[in-house]
>>> print(open('upload.cif').read())   # mmCIF, C-alpha atoms and all ligand atoms
data_query
loop_
_atom_site.group_PDB
_atom_site.id
_atom_site.type_symbol
_atom_site.label_atom_id
_atom_site.label_comp_id
_atom_site.auth_asym_id
_atom_site.auth_seq_id
_atom_site.Cartn_x
_atom_site.Cartn_y
_atom_site.Cartn_z
ATOM 1 C CA MET O 1 12.704 21.401 -0.538
ATOM 2 C CA THR O 2 9.245 20.360 0.631
ATOM 3 C CA GLY O 3 7.837 18.707 -2.476
ATOM 4 C CA GLY O 4 4.863 21.058 -2.304
ATOM 5 C CA GLU O 5 4.775 21.549 -6.061
ATOM 6 C CA GLY O 6 4.576 17.828 -6.788
ATOM 7 C CA PHE O 7 1.786 15.281 -6.925
ATOM 8 C CA THR O 8 1.192 12.232 -4.760
ATOM 9 C CA LEU O 9 0.484 9.056 -6.743
ATOM 10 C CA VAL O 10 -1.705 6.499 -4.956
ATOM 11 C CA THR O 11 -2.109 3.011 -6.429
ATOM 12 C CA GLY O 12 -5.371 1.248 -5.582
ATOM 13 C CA ALA O 13 -6.826 4.635 -4.841
ATOM 14 C CA THR O 14 -10.613 4.612 -4.871
ATOM 15 C CA LYS O 15 -11.468 2.461 -1.851
ATOM 16 C CA GLY O 16 -10.218 1.562 1.609
ATOM 17 C CA ILE O 17 -6.790 2.822 2.605
ATOM 18 C CA GLY O 18 -5.994 4.406 -0.789
ATOM 19 C CA ARG O 19 -9.198 6.417 -0.636
ATOM 20 C CA ALA O 20 -8.535 7.523 2.945
ATOM 21 C CA ILE O 21 -5.057 8.866 2.190
ATOM 22 C CA THR O 22 -6.365 10.586 -0.949
ATOM 23 C CA GLU O 23 -9.123 12.336 1.007
ATOM 24 C CA ARG O 24 -6.738 13.403 3.746
ATOM 25 C CA LEU O 25 -4.293 14.987 1.297
ATOM 26 C CA VAL O 26 -6.948 16.579 -0.922
ATOM 27 C CA ALA O 27 -8.659 18.106 2.138
ATOM 28 C CA ARG O 28 -5.388 19.953 2.784
ATOM 29 C CA GLY O 29 -5.220 21.196 -0.787
ATOM 30 C CA GLU O 30 -2.511 18.798 -1.917
ATOM 31 C CA ARG O 31 -2.392 17.405 -5.437
ATOM 32 C CA VAL O 32 -3.105 13.701 -5.802
ATOM 33 C CA VAL O 33 -3.489 11.340 -8.733
ATOM 34 C CA GLY O 34 -4.953 7.880 -8.254
ATOM 35 C CA ILE O 35 -5.037 4.601 -10.144
ATOM 36 C CA ALA O 36 -7.768 1.934 -9.958
ATOM 37 C CA ARG O 37 -9.474 -0.472 -12.354
ATOM 38 C CA SER O 38 -12.978 0.981 -12.204
ATOM 39 C CA ALA O 39 -14.193 4.531 -12.712
ATOM 40 C CA ASP O 40 -15.436 6.303 -9.587
ATOM 41 C CA ALA O 41 -17.111 9.651 -10.109
ATOM 42 C CA SER O 42 -16.860 10.420 -6.391
ATOM 43 C CA TYR O 43 -13.049 10.133 -6.312
ATOM 44 C CA PRO O 44 -11.833 13.615 -5.356
ATOM 45 C CA ALA O 45 -8.756 13.768 -7.634
ATOM 46 C CA PRO O 46 -7.670 12.794 -11.154
ATOM 47 C CA LEU O 47 -8.079 9.037 -11.578
ATOM 48 C CA LEU O 48 -6.402 6.849 -14.191
ATOM 49 C CA LEU O 49 -7.903 3.476 -14.980
ATOM 50 C CA ALA O 50 -5.686 0.408 -15.333
ATOM 51 C CA ASP O 51 -5.471 -3.143 -14.082
ATOM 52 C CA LEU O 52 -2.115 -2.992 -12.341
ATOM 53 C CA ALA O 53 -1.918 -6.792 -12.343
ATOM 54 C CA ASP O 54 -1.469 -6.582 -16.105
ATOM 55 C CA ALA O 55 2.192 -5.881 -16.895
ATOM 56 C CA GLN O 56 1.585 -3.984 -20.124
ATOM 57 C CA ALA O 57 -1.265 -1.930 -18.725
ATOM 58 C CA ARG O 58 0.660 -0.917 -15.633
ATOM 59 C CA ARG O 59 3.811 0.085 -17.482
ATOM 60 C CA ALA O 60 1.696 2.198 -19.825
ATOM 61 C CA VAL O 61 -0.221 3.915 -17.018
ATOM 62 C CA PHE O 62 2.900 4.555 -14.925
ATOM 63 C CA ALA O 63 4.669 6.050 -17.957
ATOM 64 C CA ALA O 64 1.623 8.220 -18.702
ATOM 65 C CA VAL O 65 1.270 9.473 -15.149
ATOM 66 C CA ALA O 66 4.984 10.217 -14.831
ATOM 67 C CA ALA O 67 4.910 12.148 -18.117
ATOM 68 C CA ARG O 68 1.830 14.146 -17.093
ATOM 69 C CA HIS O 69 2.548 15.005 -13.442
ATOM 70 C CA PRO O 70 5.673 15.563 -11.359
ATOM 71 C CA ILE O 71 5.229 12.733 -8.858
ATOM 72 C CA LEU O 72 7.270 13.506 -5.752
ATOM 73 C CA ARG O 73 5.305 11.280 -3.390
ATOM 74 C CA LEU O 74 4.250 7.700 -4.030
ATOM 75 C CA VAL O 75 1.975 5.446 -1.986
ATOM 76 C CA ASN O 76 2.453 1.859 -3.162
ATOM 77 C CA ASN O 77 -0.902 0.762 -1.817
ATOM 78 C CA VAL O 78 -2.424 -1.759 -4.197
ATOM 79 C CA GLY O 79 -2.141 -5.335 -2.983
ATOM 80 C CA LEU O 80 -3.585 -8.806 -3.363
ATOM 81 C CA ASN O 81 -4.164 -11.703 -0.999
ATOM 82 C CA ARG O 82 -5.272 -15.216 -1.844
ATOM 83 C CA MET O 83 -5.763 -17.270 1.278
ATOM 84 C CA GLN O 84 -4.398 -20.763 0.548
ATOM 85 C CA PRO O 85 -2.878 -23.174 3.051
ATOM 86 C CA LEU O 86 0.635 -24.419 2.243
ATOM 87 C CA ALA O 87 -0.435 -27.684 0.590
ATOM 88 C CA GLU O 88 -2.893 -25.846 -1.680
ATOM 89 C CA ILE O 89 -0.815 -22.946 -2.979
ATOM 90 C CA THR O 90 -1.284 -22.837 -6.744
ATOM 91 C CA PRO O 91 1.268 -21.528 -9.260
ATOM 92 C CA GLU O 92 -1.270 -18.886 -10.298
ATOM 93 C CA ALA O 93 -1.753 -17.579 -6.770
ATOM 94 C CA TYR O 94 2.009 -17.606 -6.210
ATOM 95 C CA GLN O 95 2.558 -15.412 -9.252
ATOM 96 C CA ASP O 96 -0.450 -13.132 -8.806
ATOM 97 C CA VAL O 97 0.262 -12.366 -5.157
ATOM 98 C CA LEU O 98 3.955 -11.700 -5.765
ATOM 99 C CA ASP O 99 3.298 -9.595 -8.858
ATOM 100 C CA THR O 100 0.527 -7.438 -7.444
ATOM 101 C CA ASN O 101 2.346 -6.703 -4.208
ATOM 102 C CA LEU O 102 5.943 -6.547 -5.419
ATOM 103 C CA ARG O 103 6.237 -6.111 -9.162
ATOM 104 C CA VAL O 104 3.666 -3.310 -9.193
ATOM 105 C CA THR O 105 5.533 -1.568 -6.378
ATOM 106 C CA LEU O 106 8.829 -1.913 -8.231
ATOM 107 C CA ASP O 107 7.433 -0.686 -11.560
ATOM 108 C CA ALA O 108 5.663 2.303 -9.989
ATOM 109 C CA THR O 109 8.753 3.304 -8.060
ATOM 110 C CA GLN O 110 11.011 3.023 -11.096
ATOM 111 C CA ALA O 111 8.578 5.166 -13.107
ATOM 112 C CA VAL O 112 8.573 8.071 -10.645
ATOM 113 C CA LEU O 113 12.190 7.903 -9.540
ATOM 114 C CA PRO O 114 13.605 10.216 -12.247
ATOM 115 C CA ALA O 115 11.320 13.103 -11.167
ATOM 116 C CA MET O 116 12.203 12.599 -7.503
ATOM 117 C CA ARG O 117 15.909 12.499 -8.273
ATOM 118 C CA GLU O 118 15.639 15.646 -10.374
ATOM 119 C CA ALA O 119 13.760 17.439 -7.576
ATOM 120 C CA GLY O 120 16.172 16.178 -4.925
ATOM 121 C CA PHE O 121 13.060 15.262 -2.935
ATOM 122 C CA GLY O 122 10.863 12.200 -2.720
ATOM 123 C CA ARG O 123 8.643 10.278 -0.340
ATOM 124 C CA ILE O 124 7.850 6.623 -0.994
ATOM 125 C CA VAL O 125 5.503 4.692 1.305
ATOM 126 C CA ASN O 126 4.987 0.969 0.790
ATOM 127 C CA ILE O 127 1.877 -0.642 2.265
ATOM 128 C CA SER O 128 2.761 -3.973 3.782
ATOM 129 C CA SER O 129 0.717 -5.819 6.434
ATOM 130 C CA ARG O 130 0.965 -7.161 9.950
ATOM 131 C CA SER O 131 0.752 -10.502 8.130
ATOM 132 C CA LEU O 132 4.453 -10.116 7.296
ATOM 133 C CA LEU O 133 5.044 -11.607 10.750
ATOM 134 C CA GLY O 134 3.215 -14.780 9.696
ATOM 135 C CA ARG O 135 -0.301 -15.570 8.533
ATOM 136 C CA HIS O 136 -1.938 -18.944 9.079
ATOM 137 C CA GLY O 137 -3.237 -20.031 5.662
ATOM 138 C CA GLY O 138 -1.845 -16.969 3.943
ATOM 139 C CA SER O 139 1.862 -17.618 3.499
ATOM 140 C CA MET O 140 2.080 -16.172 -0.027
ATOM 141 C CA TYR O 141 0.651 -12.892 1.233
ATOM 142 C CA ALA O 142 2.922 -12.976 4.285
ATOM 143 C CA ALA O 143 5.949 -13.612 2.066
ATOM 144 C CA ALA O 144 5.076 -10.815 -0.351
ATOM 145 C CA LYS O 145 4.403 -8.335 2.439
ATOM 146 C CA ALA O 146 7.658 -9.302 4.184
ATOM 147 C CA ALA O 147 9.496 -8.728 0.902
ATOM 148 C CA LEU O 148 8.120 -5.183 0.839
ATOM 149 C CA VAL O 149 10.095 -4.559 4.023
ATOM 150 C CA GLY O 150 13.205 -5.724 2.156
ATOM 151 C CA PHE O 151 12.412 -3.316 -0.672
ATOM 152 C CA THR O 152 11.819 -0.514 1.820
ATOM 153 C CA ARG O 153 15.060 -0.944 3.733
ATOM 154 C CA SER O 154 17.216 -1.470 0.640
ATOM 155 C CA TRP O 155 15.734 1.401 -1.352
ATOM 156 C CA ALA O 156 16.053 3.649 1.693
ATOM 157 C CA LEU O 157 19.784 2.946 1.703
ATOM 158 C CA GLU O 158 20.144 3.505 -2.041
ATOM 159 C CA LEU O 159 18.166 6.758 -2.054
ATOM 160 C CA ALA O 160 19.156 8.323 1.267
ATOM 161 C CA SER O 161 21.633 10.724 -0.269
ATOM 162 C CA SER O 162 19.115 11.893 -2.909
ATOM 163 C CA GLY O 163 16.576 13.446 -0.517
ATOM 164 C CA ILE O 164 14.236 10.508 -1.070
ATOM 165 C CA THR O 165 12.893 8.559 1.906
ATOM 166 C CA VAL O 166 11.330 5.115 1.734
ATOM 167 C CA ASN O 167 9.159 3.837 4.567
ATOM 168 C CA CYS O 168 6.564 1.177 5.136
ATOM 169 C CA VAL O 169 3.232 0.975 6.953
ATOM 170 C CA ALA O 170 2.081 -2.468 8.092
ATOM 171 C CA PRO O 171 -1.628 -2.367 8.975
ATOM 172 C CA GLY O 172 -3.486 -4.942 11.035
ATOM 173 C CA PRO O 173 -7.110 -5.800 10.184
ATOM 174 C CA VAL O 174 -8.790 -2.751 8.644
ATOM 175 C CA ALA O 175 -12.451 -2.495 7.709
ATOM 176 C CA THR O 176 -12.271 -2.494 3.895
ATOM 177 C CA GLU O 177 -13.657 -4.477 0.979
ATOM 178 C CA MET O 178 -10.395 -6.381 0.662
ATOM 179 C CA PHE O 179 -10.580 -7.483 4.292
ATOM 180 C CA ALA O 180 -14.209 -8.577 3.927
ATOM 181 C CA ARG O 181 -13.393 -10.517 0.746
ATOM 182 C CA ASN O 182 -10.510 -12.438 2.300
ATOM 183 C CA ASN O 183 -12.014 -12.882 5.762
ATOM 184 C CA PRO O 184 -15.700 -13.806 5.648
ATOM 185 C CA PRO O 185 -17.163 -12.860 9.060
ATOM 186 C CA GLU O 186 -18.701 -16.312 9.644
ATOM 187 C CA LEU O 187 -15.362 -18.158 9.452
ATOM 188 C CA PRO O 188 -13.823 -19.197 12.787
ATOM 189 C CA ARG O 189 -10.417 -17.967 11.620
ATOM 190 C CA THR O 190 -11.844 -14.471 11.071
ATOM 191 C CA LYS O 191 -13.409 -14.431 14.530
ATOM 192 C CA ALA O 192 -10.173 -15.703 16.086
ATOM 193 C CA MET O 193 -8.139 -13.072 14.275
ATOM 194 C CA LEU O 194 -10.319 -10.203 15.404
ATOM 195 C CA ALA O 195 -10.442 -11.538 18.965
ATOM 196 C CA ALA O 196 -6.623 -11.516 18.992
ATOM 197 C CA VAL O 197 -6.290 -7.786 18.310
ATOM 198 C CA PRO O 198 -5.337 -6.284 21.693
ATOM 199 C CA VAL O 199 -7.279 -3.019 21.257
ATOM 200 C CA GLY O 200 -10.383 -5.130 20.655
ATOM 201 C CA ARG O 201 -11.508 -3.739 17.317
ATOM 202 C CA MET O 202 -10.579 -3.410 13.651
ATOM 203 C CA GLY O 203 -8.768 -0.379 12.356
ATOM 204 C CA GLU O 204 -10.329 2.296 10.185
ATOM 205 C CA PRO O 205 -8.745 3.320 6.860
ATOM 206 C CA ALA O 206 -8.324 6.871 8.191
ATOM 207 C CA GLU O 207 -6.106 5.554 10.999
ATOM 208 C CA ILE O 208 -3.757 3.985 8.443
ATOM 209 C CA ALA O 209 -3.848 7.157 6.348
ATOM 210 C CA ALA O 210 -2.669 9.189 9.346
ATOM 211 C CA ALA O 211 0.485 7.062 9.571
ATOM 212 C CA ILE O 212 1.103 7.233 5.820
ATOM 213 C CA ASP O 213 0.693 10.994 6.011
ATOM 214 C CA TYR O 214 3.581 11.320 8.457
ATOM 215 C CA PHE O 215 5.949 9.406 6.190
ATOM 216 C CA LEU O 216 4.841 11.571 3.224
ATOM 217 C CA SER O 217 5.469 14.817 5.069
ATOM 218 C CA ALA O 218 8.406 17.121 4.438
ATOM 219 C CA GLU O 219 9.172 16.900 8.181
ATOM 220 C CA ALA O 220 9.826 13.152 7.895
ATOM 221 C CA GLY O 221 13.104 13.681 6.040
ATOM 222 C CA PHE O 222 15.137 12.110 8.849
ATOM 223 C CA THR O 223 12.943 8.983 8.904
ATOM 224 C CA THR O 224 13.797 6.332 6.324
ATOM 225 C CA GLY O 225 13.825 2.561 5.998
ATOM 226 C CA GLN O 226 11.272 2.155 8.762
ATOM 227 C CA THR O 227 8.265 -0.124 9.070
ATOM 228 C CA LEU O 228 5.478 1.116 11.308
ATOM 229 C CA PHE O 229 2.892 -1.410 12.465
ATOM 230 C CA VAL O 230 -0.540 0.222 12.726
ATOM 231 C CA CYS O 231 -2.335 -2.836 13.967
ATOM 232 C CA GLY O 232 -4.085 -2.322 17.293
ATOM 233 C CA GLY O 233 -1.208 -4.094 19.016
ATOM 234 C CA ALA O 234 -1.546 -7.276 16.929
ATOM 235 C CA SER O 235 2.185 -7.230 16.115
ATOM 236 C CA ILE O 236 3.089 -7.504 19.805
ATOM 237 C CA SER O 237 0.299 -9.856 20.817
ATOM 238 C CA GLN O 238 1.209 -13.331 22.047
ATOM 239 C CA VAL O 239 -1.699 -14.728 20.030
ATOM 240 C CA HIS O 240 -0.877 -15.740 16.455
ATOM 241 C CA LEU O 241 -3.301 -14.446 13.834
HETATM 242 N N1 LIG X 1 -7.721 -4.136 4.781
HETATM 243 C C1 LIG X 1 -6.845 -4.728 5.575
HETATM 244 O O1 LIG X 1 -7.204 -5.345 6.599
HETATM 245 C C2 LIG X 1 -5.384 -4.635 5.262
HETATM 246 C C3 LIG X 1 -4.481 -5.055 6.246
HETATM 247 C C4 LIG X 1 -3.119 -4.999 5.975
HETATM 248 C C5 LIG X 1 -2.690 -4.538 4.752
HETATM 249 N N2 LIG X 1 -3.576 -4.132 3.811
HETATM 250 C C6 LIG X 1 -3.045 -3.665 2.536
HETATM 251 O O2 LIG X 1 -3.541 -2.366 2.277
HETATM 252 C C7 LIG X 1 -3.609 -2.155 0.871
HETATM 253 C C8 LIG X 1 -4.977 -1.604 0.504
HETATM 254 O O3 LIG X 1 -5.963 -2.544 0.894
HETATM 255 P P1 LIG X 1 -7.486 -2.135 1.175
HETATM 256 O O4 LIG X 1 -7.967 -3.092 2.196
HETATM 257 O O5 LIG X 1 -7.584 -0.679 1.396
HETATM 258 O O6 LIG X 1 -8.156 -2.536 -0.235
HETATM 259 P P2 LIG X 1 -9.620 -2.176 -0.833
HETATM 260 O O7 LIG X 1 -10.444 -1.434 0.143
HETATM 261 O O8 LIG X 1 -10.150 -3.448 -1.382
HETATM 262 O O9 LIG X 1 -9.272 -1.169 -2.037
HETATM 263 C C9 LIG X 1 -8.456 -1.592 -3.066
HETATM 264 C C10 LIG X 1 -8.287 -0.469 -4.071
HETATM 265 O O10 LIG X 1 -7.353 -0.885 -5.054
HETATM 266 C C11 LIG X 1 -7.987 -0.920 -6.344
HETATM 267 N N3 LIG X 1 -7.422 -2.093 -7.015
HETATM 268 C C12 LIG X 1 -7.511 -3.389 -6.601
HETATM 269 N N4 LIG X 1 -6.880 -4.191 -7.459
HETATM 270 C C13 LIG X 1 -6.381 -3.395 -8.429
HETATM 271 C C14 LIG X 1 -5.631 -3.650 -9.603
HETATM 272 N N5 LIG X 1 -5.296 -4.896 -9.985
HETATM 273 N N6 LIG X 1 -5.276 -2.596 -10.383
HETATM 274 C C15 LIG X 1 -5.624 -1.332 -10.031
HETATM 275 N N7 LIG X 1 -6.325 -1.038 -8.928
HETATM 276 C C16 LIG X 1 -6.704 -2.065 -8.137
HETATM 277 C C17 LIG X 1 -9.479 -0.974 -6.045
HETATM 278 O O11 LIG X 1 -10.263 -0.380 -7.055
HETATM 279 P P3 LIG X 1 -10.797 -1.268 -8.306
HETATM 280 O O12 LIG X 1 -11.469 -2.469 -7.714
HETATM 281 O O13 LIG X 1 -11.712 -0.351 -9.054
HETATM 282 O O14 LIG X 1 -9.581 -1.621 -9.072
HETATM 283 C C18 LIG X 1 -9.559 -0.112 -4.789
HETATM 284 O O15 LIG X 1 -9.540 1.252 -5.116
HETATM 285 C C19 LIG X 1 -3.255 -3.494 0.229
HETATM 286 O O16 LIG X 1 -1.906 -3.520 -0.138
HETATM 287 C C20 LIG X 1 -3.481 -4.490 1.345
HETATM 288 O O17 LIG X 1 -2.711 -5.666 1.193
HETATM 289 C C21 LIG X 1 -4.918 -4.167 4.037
#
>>> encode(input="upload.cif", output="structure tokens")
Amino acid sequence: MTGGEGFTLVTGATKGIGRAITERLVARGERVVGIARSADASYPAPLLLADLADAQARRAVFAAVAARHPILRLVNNVGLNRMQPLAEITPEAYQDVLDTNLRVTLDATQAVLPAMREAGFGRIVNISSRSLLGRHGGSMYAAAKAALVGFTRSWALELASSGITVNCVAPGPVATEMFARNNPPELPRTKAMLAAVPVGRMGEPAEIAAAIDYFLSAEAGFTTGQTLFVCGGASISQVHL
């Protein structure tokens, strides 16, 4: 079983890392379906529109996509960060960051699980962050991204005998709109963070997509429950980001 007849579902698909993995798979002739909030005529695959932060909207879109396409690969890519120091964390940010990183991942995975179980094949890749190791001023994001590792390892155990692998990619700073929004270039903390990346540069979305691609591959069937840092060495640096 290689999953070749199935689709890959990418959440948060039209920009950044989601776009890069879509383009990589489509270039090889694989079938992809994406979800984002805004239409994008240049997206090279079927695109469903939904705000995944909205519980009703996401359950509806996940049900629709699972009914329409056999999803045998899932990239839980959409995420949200709100930089707030400990003393300033608001109840809204707490809920939004947990929901968009964790609840969306759970709901998407539950929606596609029946098709994977029926096929006896599945590949699930959760997109965490180097921030799971700790993020000054971003503890909600760090906590949510660390929890994705808990999901990954636990689901890997539960699904190992069903031909379904669950792995995690934890990127360091990557040049995307999300990064620019959360890390204005003029802020000292942004400069300090980039200076602390051992390879001396930000990552490109395509470099994250290459790692995701391995975990999605049929050949990765003996790899499950793993978290791969793709972070320019930031996860082993002695400097705290
Ligand atoms: N960039 C980094 O430095 C970095 C580092 C570590 C981890 N990550 C993680 O990587 C993942 C992707 O981040 P990125 O930097 O590639 O983001 P990005 O470039 O900002 O792209 C985000 C994508 O998700 C869609 N999206 C955002 N919110 C959505 C929502 N509520 N419902 C549906 N679609 C939504 C956006 O389209 P619409 O706006 O049209 O909805 C867009 O297609 C996230 O989980 C992030 O935490 C990023």
>>> axis_aligned_box(input="upload.cif", around="ligand LIG 1 (chain X)", padding_each_side="8 Å", output="lines of an AutoDock Vina configuration file")
center_x = -6.8
center_y = -2.2
center_z = -1.9
size_x = 25.8
size_y = 22.9
size_z = 33.0
>>> closest_residue(input="upload.cif", among="O:Val197, O:Ala170, O:Ala64, O:Ile71", to="Leu132 of chain O", atoms="all atoms listed in the file")
O:Ala170
>>> residues_near_ligand(input="upload.cif", ligand="ligand LIG 1 (chain X)", cutoff="8 Å", atoms="only C-alpha atoms and all ligand atoms", output="PyMOL selection string")
chain O and resi 11-19+35-40+49-54+76-81+100-101+127-131+141+145+170-180+203+205
>>> residues_near_point(input="upload.cif", point="(17.2, 9.1, 8.1)", cutoff="10 Å", atoms="all atoms listed in the file", output="VMD selection string")
chain O and resid 156 to 157 160 to 161 163 to 166 220 to 226
>>> residues_around(input="upload.cif", residues="Gly138 of chain O", least_positions_apart="6", cutoff="9 Å", atoms="only C-alpha atoms", output="PDB file with C-alpha atoms, in the frame of the given file")
ATOM      1  CA  ASN O  81      -4.164 -11.703  -0.999  1.00  0.00           C
ATOM      2  CA  ARG O  82      -5.272 -15.216  -1.844  1.00  0.00           C
ATOM      3  CA  MET O  83      -5.763 -17.270   1.278  1.00  0.00           C
ATOM      4  CA  GLN O  84      -4.398 -20.763   0.548  1.00  0.00           C
ATOM      5  CA  PRO O  85      -2.878 -23.174   3.051  1.00  0.00           C
ATOM      6  CA  LEU O  86       0.635 -24.419   2.243  1.00  0.00           C
ATOM      7  CA  SER O 131       0.752 -10.502   8.130  1.00  0.00           C
TER       8      SER O 131
END
>>> closest_residue(input="upload.cif", among="O:Gln238, O:Thr227, O:Asn126, O:Thr90", to="Thr105 of chain O", atoms="only C-alpha atoms")
O:Asn126
>>> residues_around(input="upload.cif", residues="Gly34 of chain O", least_positions_apart="4", cutoff="7 Å", atoms="only C-alpha atoms", output="count of residues only")
7
>>> closest_residue(input="upload.cif", among="O:Leu133, O:Ala63, O:Ala147, O:Ala20", to="Asp107 of chain O", atoms="only C-alpha atoms")
O:Ala63
>>> atom_distance(input="upload.cif", atom1="atom CA of Leu241 of chain O", atom2="atom CA of His136 of chain O")
6.7 Å
>>> resolve_selection(input="upload.cif", expression="the PyMOL selection byres (((chain O and resi 27-31) around 10) and not hetatm)", output="ChimeraX atom specification")
/O:4-9,21-26,32-33,44-46,69,71
>>> closest_residue(input="upload.cif", among="O:Ala108, O:Ile212, O:Leu102, O:Ala93", to="Arg58 of chain O", atoms="all atoms listed in the file")
O:Ala108
>>> resolve_selection(input="upload.cif", expression="the PyMOL selection byres (((chain O and resi 230) around 8) and not hetatm)", output="list in words")
Val169, Ala170, Pro171, Gly172, Glu207, Ile208, Ala211, Leu228, Phe229, Cys231, Gly232 and Gly233 of chain O
>>> closest_residue(input="upload.cif", among="O:Tyr43, O:Phe151, O:Ala87, O:Asp96", to="Ala55 of chain O", atoms="all atoms listed in the file")
O:Asp96
>>> atom_distance(input="upload.cif", atom1="atom CA of Val97 of chain O", atom2="atom CA of Met116 of chain O")
27.8 Å
>>> atom_distance(input="upload.cif", atom1="atom CA of Ala206 of chain O", atom2="atom CA of Arg181 of chain O")
19.6 Å
>>> closest_residue(input="upload.cif", among="O:Ala119, O:Val112, O:Ala196, O:Leu106", to="Gly150 of chain O", atoms="only C-alpha atoms")
O:Leu106
